[in-house]
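S.K.: Sending over model.json (JSON, C-alpha atoms).
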[["chain", "number", "residue", "atom", "x", "y", "z"],
["Q", 25, "MET", "CA", 56.24, 34.48, 56.52],
["Q", 26, "SER", "CA", 58.34, 33.94, 53.39],
["Q", 27, "LEU", "CA", 57.39, 35.17, 49.93],
["Q", 28, "VAL", "CA", 56.65, 31.60, 48.81],
["Q", 29, "GLU", "CA", 54.24, 31.15, 51.73],
["Q", 30, "ILE", "CA", 52.53, 34.44, 50.88],
["Q", 31, "TYR", "CA", 52.01, 33.26, 47.30],
["Q", 32, "MET", "CA", 50.58, 30.00, 48.66],
["Q", 33, "VAL", "CA", 48.07, 31.74, 50.96],
["Q", 34, "VAL", "CA", 47.04, 34.36, 48.41],
["Q", 35, "GLY", "CA", 46.80, 31.76, 45.64],
["Q", 36, "PHE", "CA", 44.63, 29.47, 47.76],
["Q", 37, "MET", "CA", 42.26, 32.29, 48.74],
["Q", 38, "LEU", "CA", 41.92, 33.57, 45.17],
["Q", 39, "ALA", "CA", 41.50, 30.07, 43.75],
["Q", 40, "ALA", "CA", 38.90, 29.15, 46.36],
["Q", 41, "TYR", "CA", 36.77, 32.19, 45.59],
["Q", 42, "SER", "CA", 37.18, 32.21, 41.81],
["Q", 43, "ILE", "CA", 36.56, 28.48, 41.40],
["Q", 44, "VAL", "CA", 33.56, 28.46, 43.73],
["Q", 45, "ALA", "CA", 32.12, 31.48, 41.90],
["Q", 46, "ASN", "CA", 32.70, 30.10, 38.40],
["Q", 47, "ASP", "CA", 32.56, 26.32, 38.64],
["Q", 48, "SER", "CA", 30.19, 25.45, 41.48],
["Q", 49, "ILE", "CA", 27.24, 26.91, 39.54],
["Q", 50, "GLN", "CA", 27.52, 23.84, 37.30],
["Q", 51, "THR", "CA", 26.36, 21.74, 40.22],
["Q", 52, "LEU", "CA", 24.40, 24.21, 42.33],
["Q", 53, "GLY", "CA", 22.95, 26.32, 39.49],
["Q", 54, "THR", "CA", 19.83, 24.21, 38.96],
["Q", 55, "PHE", "CA", 19.49, 23.90, 42.74],
["Q", 56, "ILE", "CA", 19.54, 27.69, 43.11],
["Q", 57, "ALA", "CA", 17.24, 28.26, 40.12],
["Q", 58, "SER", "CA", 14.60, 25.82, 41.36],
["Q", 59, "ASN", "CA", 14.78, 26.95, 45.00],
["Q", 60, "CYS", "CA", 14.99, 30.69, 44.44],
["Q", 61, "ARG", "CA", 12.03, 31.28, 46.78],
["Q", 62, "ARG", "CA", 13.75, 29.68, 49.74],
["Q", 63, "PRO", "CA", 16.01, 31.72, 52.06],
["Q", 64, "TRP", "CA", 19.56, 31.78, 50.69],
["Q", 65, "TRP", "CA", 21.05, 30.75, 54.02],
["Q", 66, "VAL", "CA", 19.07, 27.47, 54.02],
["Q", 67, "LEU", "CA", 20.63, 26.50, 50.69],
["Q", 68, "TRP", "CA", 24.02, 27.63, 51.96],
["Q", 69, "CYS", "CA", 23.84, 25.47, 55.09],
["Q", 70, "PHE", "CA", 22.83, 22.43, 53.07],
["Q", 71, "SER", "CA", 25.68, 22.77, 50.56],
["Q", 72, "SER", "CA", 28.19, 23.54, 53.33],
["Q", 73, "ILE", "CA", 27.35, 20.34, 55.21],
["Q", 74, "VAL", "CA", 28.02, 18.28, 52.08],
["Q", 75, "LEU", "CA", 31.23, 20.26, 51.45],
["Q", 76, "VAL", "CA", 32.62, 19.63, 54.93],
["Q", 77, "ILE", "CA", 31.78, 15.91, 54.81],
["Q", 78, "VAL", "CA", 33.44, 15.41, 51.41],
["Q", 79, "VAL", "CA", 36.61, 17.37, 52.28],
["Q", 80, "VAL", "CA", 37.08, 15.76, 55.68],
["Q", 81, "TYR", "CA", 36.44, 12.28, 54.28],
["Q", 82, "GLY", "CA", 38.99, 12.80, 51.50],
["Q", 83, "TRP", "CA", 41.54, 14.18, 53.96],
["Q", 84, "TYR", "CA", 41.04, 11.22, 56.32],
["Q", 85, "THR", "CA", 41.05, 8.43, 53.73],
["Q", 86, "HIS", "CA", 43.96, 9.80, 51.67],
["Q", 87, "GLY", "CA", 46.42, 10.42, 54.46],
["Q", 88, "GLY", "CA", 45.95, 14.17, 54.76],
["Q", 89, "ASP", "CA", 45.21, 14.87, 51.08],
["Q", 90, "PRO", "CA", 41.73, 16.42, 50.67],
["Q", 91, "ALA", "CA", 42.16, 16.44, 46.86],
["Q", 92, "TYR", "CA", 41.55, 12.67, 46.69],
["Q", 93, "GLY", "CA", 44.94, 11.97, 45.14],
["Q", 94, "ARG", "CA", 44.23, 13.98, 41.99],
["Q", 95, "LEU", "CA", 47.36, 16.07, 42.38],
["Q", 96, "GLU", "CA", 49.80, 13.18, 41.98],
["Q", 97, "LYS", "CA", 50.90, 14.52, 38.58],
["Q", 98, "PHE", "CA", 50.93, 18.12, 39.81],
["Q", 99, "PRO", "CA", 53.68, 18.23, 42.45],
["Q", 100, "VAL", "CA", 54.62, 21.37, 44.33],
["Q", 101, "PRO", "CA", 57.15, 23.30, 42.18],
["Q", 102, "GLU", "CA", 60.78, 22.71, 43.22],
["Q", 103, "LEU", "CA", 61.27, 26.39, 43.99],
["Q", 104, "GLY", "CA", 57.86, 26.72, 45.63],
["Q", 105, "LEU", "CA", 55.00, 28.83, 44.37],
["Q", 106, "GLN", "CA", 55.96, 31.92, 42.35],
["Q", 107, "TRP", "CA", 54.12, 35.08, 41.38],
["Q", 108, "PHE", "CA", 52.83, 33.63, 38.10],
["Q", 109, "HIS", "CA", 50.98, 30.85, 39.92],
["Q", 110, "VAL", "CA", 48.70, 33.52, 41.41],
["Q", 111, "ILE", "CA", 47.71, 34.98, 38.02],
["Q", 112, "PRO", "CA", 45.25, 32.24, 36.85],
["Q", 113, "PRO", "CA", 42.70, 32.68, 39.66],
["Q", 114, "LEU", "CA", 42.78, 36.44, 39.03],
["Q", 115, "VAL", "CA", 41.95, 35.78, 35.39],
["Q", 116, "ILE", "CA", 39.09, 33.49, 36.47],
["Q", 117, "LEU", "CA", 37.67, 36.30, 38.61],
["Q", 118, "LEU", "CA", 37.75, 38.61, 35.60],
["Q", 119, "LEU", "CA", 36.09, 36.08, 33.28],
["Q", 120, "THR", "CA", 33.47, 35.22, 35.91],
["Q", 121, "ARG", "CA", 32.51, 38.88, 36.14],
["Q", 122, "TYR", "CA", 31.49, 38.70, 32.46],
["Q", 123, "GLY", "CA", 29.73, 35.36, 32.80],
["Q", 124, "VAL", "CA", 32.33, 33.28, 30.93],
["Q", 125, "PRO", "CA", 32.17, 29.59, 31.99],
["Q", 126, "VAL", "CA", 35.91, 29.04, 31.90],
["Q", 127, "SER", "CA", 37.42, 25.65, 32.70],
["Q", 128, "THR", "CA", 39.25, 26.27, 35.95],
["Q", 129, "THR", "CA", 40.93, 22.87, 35.60],
["Q", 130, "PHE", "CA", 42.81, 24.01, 32.52],
["Q", 131, "LEU", "CA", 43.41, 27.53, 33.77],
["Q", 132, "ILE", "CA", 44.76, 26.58, 37.20],
["Q", 133, "LEU", "CA", 46.43, 23.19, 36.85],
["Q", 134, "ALA", "CA", 48.02, 23.77, 33.43],
["Q", 135, "VAL", "CA", 50.29, 26.42, 34.94],
["Q", 136, "PHE", "CA", 51.60, 23.90, 37.46],
["Q", 137, "ASN", "CA", 52.34, 21.23, 34.84],
["Q", 138, "PRO", "CA", 51.76, 22.21, 31.17],
["Q", 139, "LYS", "CA", 52.72, 18.67, 30.05],
["Q", 140, "ASN", "CA", 49.34, 17.39, 31.26],
["Q", 141, "ILE", "CA", 47.28, 19.71, 29.02],
["Q", 142, "ASN", "CA", 46.83, 17.12, 26.26],
["Q", 143, "VAL", "CA", 45.59, 14.42, 28.63],
["Q", 144, "MET", "CA", 43.21, 16.80, 30.43],
["Q", 145, "LEU", "CA", 41.96, 18.13, 27.10],
["Q", 146, "LEU", "CA", 41.28, 14.63, 25.77],
["Q", 147, "LYS", "CA", 39.41, 13.52, 28.88],
["Q", 148, "SER", "CA", 37.39, 16.74, 28.97],
["Q", 149, "GLY", "CA", 36.51, 16.59, 25.26],
["Q", 150, "ILE", "CA", 35.30, 13.01, 25.66],
["Q", 151, "GLY", "CA", 33.31, 14.17, 28.68],
["Q", 152, "TYR", "CA", 31.54, 16.85, 26.62],
["Q", 153, "LEU", "CA", 30.64, 14.41, 23.83],
["Q", 154, "VAL", "CA", 29.45, 11.70, 26.22],
["Q", 155, "ALA", "CA", 27.27, 14.17, 28.13],
["Q", 156, "PHE", "CA", 25.91, 15.64, 24.88],
["Q", 157, "VAL", "CA", 24.95, 12.27, 23.39],
["Q", 158, "ILE", "CA", 23.51, 10.88, 26.62],
["Q", 159, "ALA", "CA", 21.38, 13.99, 27.12],
["Q", 160, "ILE", "CA", 19.98, 13.80, 23.57],
["Q", 161, "VAL", "CA", 19.14, 10.10, 23.88],
["Q", 162, "ILE", "CA", 17.52, 10.42, 27.30],
["Q", 163, "TYR", "CA", 15.55, 13.60, 26.67],
["Q", 164, "ARG", "CA", 14.54, 12.77, 23.09],
["Q", 165, "PHE", "CA", 13.69, 9.09, 23.31],
["Q", 166, "VAL", "CA", 13.31, 8.14, 27.00],
["Q", 167, "ILE", "CA", 11.70, 10.97, 28.95],
["Q", 168, "ASN", "CA", 10.37, 13.14, 26.14],
["Q", 169, "LYS", "CA", 6.78, 12.82, 27.38],
["Q", 170, "THR", "CA", 7.91, 13.55, 30.93],
["Q", 171, "THR", "CA", 9.62, 16.75, 29.82],
["Q", 172, "GLU", "CA", 6.50, 17.76, 27.89],
["Q", 173, "TYR", "CA", 4.38, 17.13, 31.00],
["Q", 174, "PHE", "CA", 6.74, 19.25, 33.12],
["Q", 175, "GLU", "CA", 6.38, 22.13, 30.67],
["Q", 176, "LYS", "CA", 2.57, 21.91, 30.62],
["Q", 177, "THR", "CA", 2.29, 21.79, 34.43],
["Q", 178, "LYS", "CA", 4.90, 24.48, 35.05],
["Q", 179, "GLY", "CA", 3.89, 26.75, 37.92],
["Q", 180, "GLN", "CA", 1.53, 24.23, 39.51],
["Q", 181, "PRO", "CA", 2.12, 22.86, 43.05],
["Q", 182, "ILE", "CA", 4.88, 20.24, 43.16],
["Q", 183, "GLU", "CA", 4.60, 17.00, 45.12],
["Q", 184, "THR", "CA", 6.76, 16.89, 48.25],
["Q", 185, "TYR", "CA", 8.74, 13.86, 47.12],
["Q", 186, "TRP", "CA", 10.22, 15.90, 44.26],
["Q", 187, "VAL", "CA", 11.79, 18.23, 46.82],
["Q", 188, "VAL", "CA", 13.34, 15.27, 48.64],
["Q", 189, "LEU", "CA", 14.59, 13.80, 45.36],
["Q", 190, "GLN", "CA", 16.10, 17.07, 44.21],
["Q", 191, "TRP", "CA", 17.95, 17.75, 47.44],
["Q", 192, "GLY", "CA", 19.27, 14.19, 47.35],
["Q", 193, "ALA", "CA", 20.35, 14.61, 43.72],
["Q", 194, "THR", "CA", 22.06, 17.89, 44.59],
["Q", 195, "ALA", "CA", 23.98, 16.30, 47.46],
["Q", 196, "PHE", "CA", 25.07, 13.44, 45.17],
["Q", 197, "LEU", "CA", 26.12, 15.79, 42.37],
["Q", 198, "TRP", "CA", 27.80, 18.33, 44.67],
["Q", 199, "SER", "CA", 29.91, 15.58, 46.25],
["Q", 200, "GLN", "CA", 31.01, 14.20, 42.85],
["Q", 201, "TRP", "CA", 31.92, 17.67, 41.61],
["Q", 202, "LEU", "CA", 33.94, 18.39, 44.74],
["Q", 203, "ILE", "CA", 35.92, 15.17, 44.36],
["Q", 204, "GLN", "CA", 36.77, 16.21, 40.78],
["Q", 205, "ASP", "CA", 37.48, 19.91, 41.33],
["Q", 206, "LEU", "CA", 38.94, 20.20, 44.83],
["Q", 207, "ALA", "CA", 42.32, 19.64, 43.18],
["Q", 208, "ASN", "CA", 41.99, 23.04, 41.49],
["Q", 209, "ILE", "CA", 41.87, 24.70, 44.90],
["Q", 210, "PHE", "CA", 44.17, 22.53, 47.01],
["Q", 211, "VAL", "CA", 46.94, 22.69, 44.40],
["Q", 212, "TYR", "CA", 47.92, 25.87, 46.28],
["Q", 213, "ALA", "CA", 48.10, 24.04, 49.61],
["Q", 214, "PRO", "CA", 50.58, 21.52, 51.02],
["Q", 215, "ARG", "CA", 49.94, 18.09, 49.53],
["Q", 216, "ILE", "CA", 49.65, 16.70, 53.07],
["Q", 217, "MET", "CA", 47.63, 19.04, 55.28],
["Q", 218, "SER", "CA", 47.59, 19.26, 59.07],
["Q", 219, "ILE", "CA", 44.29, 19.37, 60.90],
["Q", 220, "GLU", "CA", 44.81, 23.06, 61.68],
["Q", 221, "VAL", "CA", 45.31, 23.99, 58.03],
["Q", 222, "LEU", "CA", 42.33, 21.84, 57.05],
["Q", 223, "VAL", "CA", 40.02, 23.66, 59.48],
["Q", 224, "LEU", "CA", 41.15, 27.07, 58.20],
["Q", 225, "ALA", "CA", 40.61, 25.96, 54.60],
["Q", 226, "LEU", "CA", 37.11, 24.69, 55.40],
["Q", 227, "LEU", "CA", 36.13, 27.92, 57.15],
["Q", 228, "LEU", "CA", 37.21, 29.88, 54.08],
["Q", 229, "LEU", "CA", 35.39, 27.58, 51.66],
["Q", 230, "VAL", "CA", 32.17, 27.67, 53.69],
["Q", 231, "ALA", "CA", 32.30, 31.47, 53.91],
["Q", 232, "LEU", "CA", 32.80, 31.75, 50.13],
["Q", 233, "GLN", "CA", 29.85, 29.42, 49.58],
["Q", 234, "GLY", "CA", 27.77, 31.84, 51.63],
["Q", 235, "ALA", "CA", 28.79, 34.73, 49.39],
["Q", 236, "ILE", "CA", 27.74, 32.80, 46.26],
["Q", 237, "PHE", "CA", 24.34, 31.85, 47.68],
["Q", 238, "PHE", "CA", 23.77, 35.40, 48.92],
["Q", 239, "GLN", "CA", 24.21, 36.55, 45.30],
["Q", 240, "MET", "CA", 22.02, 33.61, 44.13],
["Q", 241, "GLY", "CA", 24.72, 32.41, 41.77],
["Q", 242, "GLY", "CA", 26.03, 35.63, 40.27],
["Q", 243, "ALA", "CA", 26.71, 36.20, 36.56],
["Q", 244, "ILE", "CA", 27.44, 32.55, 35.69],
["Q", 245, "GLN", "CA", 23.95, 31.58, 36.89],
["Q", 246, "LYS", "CA", 22.52, 33.06, 33.67],
["Q", 247, "ILE", "CA", 23.90, 30.07, 31.68],
["Q", 248, "VAL", "CA", 21.65, 27.79, 33.72],
["Q", 249, "SER", "CA", 18.64, 30.08, 34.02],
["Q", 250, "GLU", "CA", 18.30, 30.71, 30.27],
["Q", 251, "LYS", "CA", 17.88, 26.99, 29.51],
["Q", 252, "THR", "CA", 14.35, 25.58, 29.23],
["Q", 253, "GLY", "CA", 12.81, 24.29, 32.47],
["Q", 254, "THR", "CA", 15.86, 24.61, 34.75],
["Q", 255, "ALA", "CA", 13.77, 26.51, 37.31],
["Q", 256, "ASP", "CA", 11.40, 23.52, 37.53],
["Q", 257, "ILE", "CA", 12.48, 21.38, 40.48],
["Q", 258, "ARG", "CA", 11.55, 18.19, 38.62],
["Q", 259, "SER", "CA", 13.66, 19.03, 35.57],
["Q", 260, "ALA", "CA", 16.49, 20.18, 37.81],
["Q", 261, "THR", "CA", 16.44, 16.84, 39.64],
["Q", 262, "ILE", "CA", 16.82, 14.84, 36.42],
["Q", 263, "ILE", "CA", 19.63, 17.11, 35.18],
["Q", 264, "ASP", "CA", 21.52, 16.73, 38.46],
["Q", 265, "PHE", "CA", 21.20, 12.93, 38.57],
["Q", 266, "ILE", "CA", 22.46, 12.51, 34.98],
["Q", 267, "TYR", "CA", 25.35, 14.92, 35.52],
["Q", 268, "ALA", "CA", 26.36, 13.24, 38.80],
["Q", 269, "ILE", "CA", 26.42, 9.78, 37.24],
["Q", 270, "ILE", "CA", 28.59, 11.01, 34.35],
["Q", 271, "LEU", "CA", 31.06, 12.60, 36.80],
["Q", 272, "LEU", "CA", 31.08, 9.40, 38.87],
["Q", 273, "VAL", "CA", 32.03, 7.35, 35.81],
["Q", 274, "PHE", "CA", 34.84, 9.71, 34.82],
["Q", 275, "LYS", "CA", 36.05, 9.86, 38.43],
["Q", 276, "GLU", "CA", 36.51, 6.10, 38.41],
["Q", 277, "TRP", "CA", 38.15, 6.20, 34.98],
["Q", 278, "SER", "CA", 41.33, 7.93, 36.17],
["Q", 279, "ASN", "CA", 42.75, 10.36, 38.72],
["Q", 280, "MET", "CA", 43.62, 12.88, 36.02],
["Q", 281, "PRO", "CA", 41.55, 16.05, 36.61],
["Q", 282, "MET", "CA", 39.11, 17.04, 33.87],
["Q", 283, "SER", "CA", 36.96, 20.03, 32.99],
["Q", 284, "THR", "CA", 33.60, 19.56, 34.67],
["Q", 285, "THR", "CA", 32.58, 22.78, 32.91],
["Q", 286, "TRP", "CA", 32.76, 21.05, 29.55],
["Q", 287, "VAL", "CA", 30.73, 18.07, 30.79],
["Q", 288, "PHE", "CA", 28.07, 20.41, 32.16],
["Q", 289, "LEU", "CA", 27.86, 22.43, 28.95],
["Q", 290, "GLY", "CA", 27.60, 19.22, 26.92],
["Q", 291, "LEU", "CA", 24.75, 17.98, 29.10],
["Q", 292, "LEU", "CA", 22.81, 21.25, 28.84],
["Q", 293, "ALA", "CA", 23.44, 21.46, 25.09],
["Q", 294, "GLY", "CA", 22.21, 17.93, 24.37],
["Q", 295, "ARG", "CA", 19.18, 18.41, 26.59],
["Q", 296, "GLN", "CA", 18.28, 21.71, 24.94],
["Q", 297, "PHE", "CA", 18.54, 20.24, 21.42],
["Q", 298, "ALA", "CA", 16.38, 17.25, 22.39],
["Q", 299, "ILE", "CA", 13.69, 19.52, 23.85],
["Q", 300, "SER", "CA", 13.76, 21.75, 20.78],
["Q", 301, "TRP", "CA", 13.39, 18.79, 18.41],
["Q", 302, "HIS", "CA", 10.49, 17.35, 20.39],
["Q", 303, "MET", "CA", 8.63, 20.45, 21.65],
["Q", 304, "PHE", "CA", 10.08, 23.25, 19.48],
["Q", 305, "ILE", "CA", 10.73, 25.25, 22.71],
["Q", 306, "PRO", "CA", 12.77, 27.21, 21.85],
["Q", 307, "PRO", "CA", 13.18, 26.82, 18.06],
["Q", 308, "ILE", "CA", 16.24, 24.91, 16.83],
["Q", 309, "LYS", "CA", 17.73, 28.15, 15.54],
["Q", 310, "ASP", "CA", 17.62, 29.75, 19.00],
["Q", 311, "THR", "CA", 18.97, 26.61, 20.65],
["Q", 312, "THR", "CA", 21.87, 26.47, 18.21],
["Q", 313, "HIS", "CA", 22.67, 30.09, 19.01],
["Q", 314, "LEU", "CA", 22.69, 29.36, 22.76],
["Q", 315, "VAL", "CA", 24.89, 26.28, 22.39],
["Q", 316, "VAL", "CA", 27.36, 27.97, 20.05],
["Q", 317, "LYS", "CA", 27.58, 30.92, 22.43],
["Q", 318, "ASP", "CA", 28.41, 28.61, 25.35],
["Q", 319, "ILE", "CA", 30.99, 26.71, 23.28],
["Q", 320, "PHE", "CA", 32.61, 29.97, 22.21],
["Q", 321, "LYS", "CA", 32.90, 31.05, 25.84],
["Q", 322, "ALA", "CA", 34.40, 27.70, 26.83],
["Q", 323, "LEU", "CA", 36.92, 27.82, 23.96],
["Q", 324, "THR", "CA", 37.84, 31.37, 24.92],
["Q", 325, "GLY", "CA", 38.66, 30.13, 28.39],
["Q", 326, "LEU", "CA", 40.70, 27.25, 26.94],
["Q", 327, "ILE", "CA", 42.76, 29.58, 24.76],
["Q", 328, "VAL", "CA", 43.43, 31.84, 27.74],
["Q", 329, "SER", "CA", 44.45, 28.78, 29.77],
["Q", 330, "ILE", "CA", 46.96, 27.57, 27.19],
["Q", 331, "VAL", "CA", 48.45, 31.05, 26.73],
["Q", 332, "LEU", "CA", 48.91, 31.44, 30.49],
["Q", 333, "ALA", "CA", 50.22, 27.91, 30.99],
["Q", 334, "LEU", "CA", 52.91, 28.33, 28.33],
["Q", 335, "GLY", "CA", 53.52, 32.05, 28.60],
["Q", 336, "LEU", "CA", 53.73, 32.75, 32.34],
["Q", 337, "PRO", "CA", 56.61, 30.35, 33.09],
["Q", 338, "MET", "CA", 58.53, 31.83, 30.14],
["Q", 339, "LEU", "CA", 58.00, 35.33, 31.53],
["Q", 340, "ALA", "CA", 59.22, 34.16, 34.92]]
As structure tokens, how would this structure be written, given the file I've shared?

M.R.:
Amino acid sequence: MSLVEIYMVVGFMLAAYSIVANDSIQTLGTFIASNCRRPWWVLWCFSSIVLVIVVVYGWYTHGGDPAYGRLEKFPVPELGLQWFHVIPPLVILLLTRYGVPVSTTFLILAVFNPKNINVMLLKSGIGYLVAFVIAIVIYRFVINKTTEYFEKTKGQPIETYWVVLQWGATAFLWSQWLIQDLANIFVYAPRIMSIEVLVLALLLLVALQGAIFFQMGGAIQKIVSEKTGTADIRSATIIDFIYAIILLVFKEWSNMPMSTTWVFLGLLAGRQFAISWHMFIPPIKDTTHLVVKDIFKALTGLIVSIVLALGLPMLA
């Protein structure tokens, strides 16, 4: 095995683990929070089935490309993968350990083609604002009474249909997130994958999913758990449906990858402000502190991404 192939294998493994650990909590965080009493392996099996279906479908319909064509502007480097391509997923692992919701799209893909940073940044910034505004409008003026009812009946038995709705919403959201973010992982793989390589990649991804569910989300899960009502299966269902629809719209907009982390943070921020304005839970001051803290973490990740994207190739 050549040095380039070693970098490819190591990079794929590190990216798969770091991105699953940091990013997938955006989509599975509310699912984990609201199903914390269920066995972890049940949640793992459910998410793994959706994962396999989405990856195999993308691979089959895009001629061996499981990234759904989102790597068209991120070709394999002419000289193959180098040592500096392996650094970003290591940085993600470090930031994940401290609960920083870094945008893996910027951190991983920018190193492969720094020229695309501006376009990815624009699309991601619009995604944050759209999610923020939509969440405020929906939670403040459309379902404000519903949210209030959820808070008053918190801890009471939940109707069975809410469980069905939430698992359906999770499957919908998980599939949309995978279509957006699989590019961050498969950028380390051949653009056209054989069936043998695909099977090995799926086995690794499913195993890593198991590790995340065994830890019930890890450090990043705190960002979801500290928001009002995210452990309520009814609130979690609404969050997941809104988030999935936003990702679906941006997926159809263009093939350029975007930061799903920013969209998720925008959705949670708008929702939290709307609840605070309507129910004063928590007070606006506390909500502002939470939102600013999340934004600061996201901007920290962005700065690190830009430094690595511009600095690592120069070092090489």

S.K.: In Å, with one decimal, what is the gap from atom CA of Trp107 of chain Q to atom CA of Tyr31 of chain Q?

M.R.: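 Computed distance, atom CA of Trp107 of chain Q to atom CA of Tyr31 of chain Q, equals 6.5 Å.
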
S.K.: May I have the residues within 10 Å of Thr312 of chain Q as a ChimeraX atom specification, using only C-alpha atoms and disregarding those fewer than 3 positions away in the same chain?

M.R.: /Q:293,296-297,300,306-309,315-318

S.K.: Go ahead and write the residues just picked, C-alpha atoms, as a PDB file, keeping the file's coordinate frame.

M.R.:
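For reference, result-v6.pdb as written:
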ATOM      1  CA  ALA Q 293      23.440  21.460  25.090  1.00  0.00           C
ATOM      2  CA  GLN Q 296      18.280  21.710  24.940  1.00  0.00           C
ATOM      3  CA  PHE Q 297      18.540  20.240  21.420  1.00  0.00           C
ATOM      4  CA  SER Q 300      13.760  21.750  20.780  1.00  0.00           C
ATOM      5  CA  PRO Q 306      12.770  27.210  21.850  1.00  0.00           C
ATOM      6  CA  PRO Q 307      13.180  26.820  18.060  1.00  0.00           C
ATOM      7  CA  ILE Q 308      16.240  24.910  16.830  1.00  0.00           C
ATOM      8  CA  LYS Q 309      17.730  28.150  15.540  1.00  0.00           C
ATOM      9  CA  VAL Q 315      24.890  26.280  22.390  1.00  0.00           C
ATOM     10  CA  VAL Q 316      27.360  27.970  20.050  1.00  0.00           C
ATOM     11  CA  LYS Q 317      27.580  30.920  22.430  1.00  0.00           C
ATOM     12  CA  ASP Q 318      28.410  28.610  25.350  1.00  0.00           C
TER      13      ASP Q 318
END

S.K.: Would you mind telling me which residue in Q:Pro113, Q:Gly87, Q:Gly294, Q:Gly93 lies nearest to Ala45 of chain Q when using all atoms listed in the file?

M.R.: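 Counting all atoms listed in the file, the residue closest to Ala45 of chain Q is Q:Pro113.
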
S.K.: Could you check the closest approach to Ile216 of chain Q for each of Q:Leu38, Q:Val74, Q:Val100, Q:Val44 and tell me which residue wins, using all atoms listed in the file?

M.R.: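 Among the listed residues, the smallest separation from Ile216 of chain Q belongs to Q:Val100.
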
S.K.: Considering all atoms listed in the file, return as a list in words whatever protein or nucleic-acid residues lie within 10 Å of segment 217-230 of chain Q, sequence-local ones (same chain, fewer than 3 positions apart) excluded.

M.R.: Phe36, Met37, Ala40, Tyr41, Val44, Trp68, Cys69, Ser71, Ser72, Ile73, Leu75, Val76, Val79, Val80, Trp83, Tyr84, Gly87, Gly88, Asp89, Pro90, Ile209, Phe210, Ala213, Pro214, Gln233, Gly234 and Ala235 of chain Q

S.K.: Find the residue from Q:Ile116, Q:Ile270, Q:Ala134, Q:Ile167 that sits nearest to Thr324 of chain Q; use only C-alpha atoms when measuring.

M.R.: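 Of Q:Ile116, Q:Ile270, Q:Ala134, Q:Ile167, the one nearest Thr324 of chain Q is Q:Ile116, counting only C-alpha atoms.
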
S.K.: Using only C-alpha atoms - which residues lie no farther than 9 Å from the point (49.1, 21.8, 44.3) in the file's frame? Write them as a list in words.

M.R.: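 Checked against the point, the hits come out as Leu95, Glu96, Phe98, Pro99, Val100, Pro101, Leu133, Phe136, Ala207, Asn208, Ile209, Phe210, Val211, Tyr212, Ala213, Pro214 and Arg215 of chain Q.
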
S.K.: Choose the residue, out of Q:Ile262, Q:Leu105, Q:Leu114, Q:Ile182, that has the smallest atom-to-atom separation from Tyr163 of chain Q; count only C-alpha atoms.

M.R.: Q:Ile262

S.K.: Could you check how far atom CA of Ala155 of chain Q sits from atom CA of Val287 of chain Q, in Å to one decimal?

M.R.: 5.9 Å

S.K.: With only C-alpha atoms as the basis for distance, which of Q:Ala193, Q:Leu131, Q:Val157, Q:Leu339 is at the shortest distance from Ile257 of chain Q?

M.R.: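 Nearest to Ile257 of chain Q: Q:Ala193.
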
S.K.: When you count only C-alpha atoms, which of these residues is closest to Tyr152 of chain Q: Q:Gly325, Q:Ile132, Q:His313, Q:Leu271?

M.R.: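 So, comparing all the options, the nearest one is Q:Leu271.
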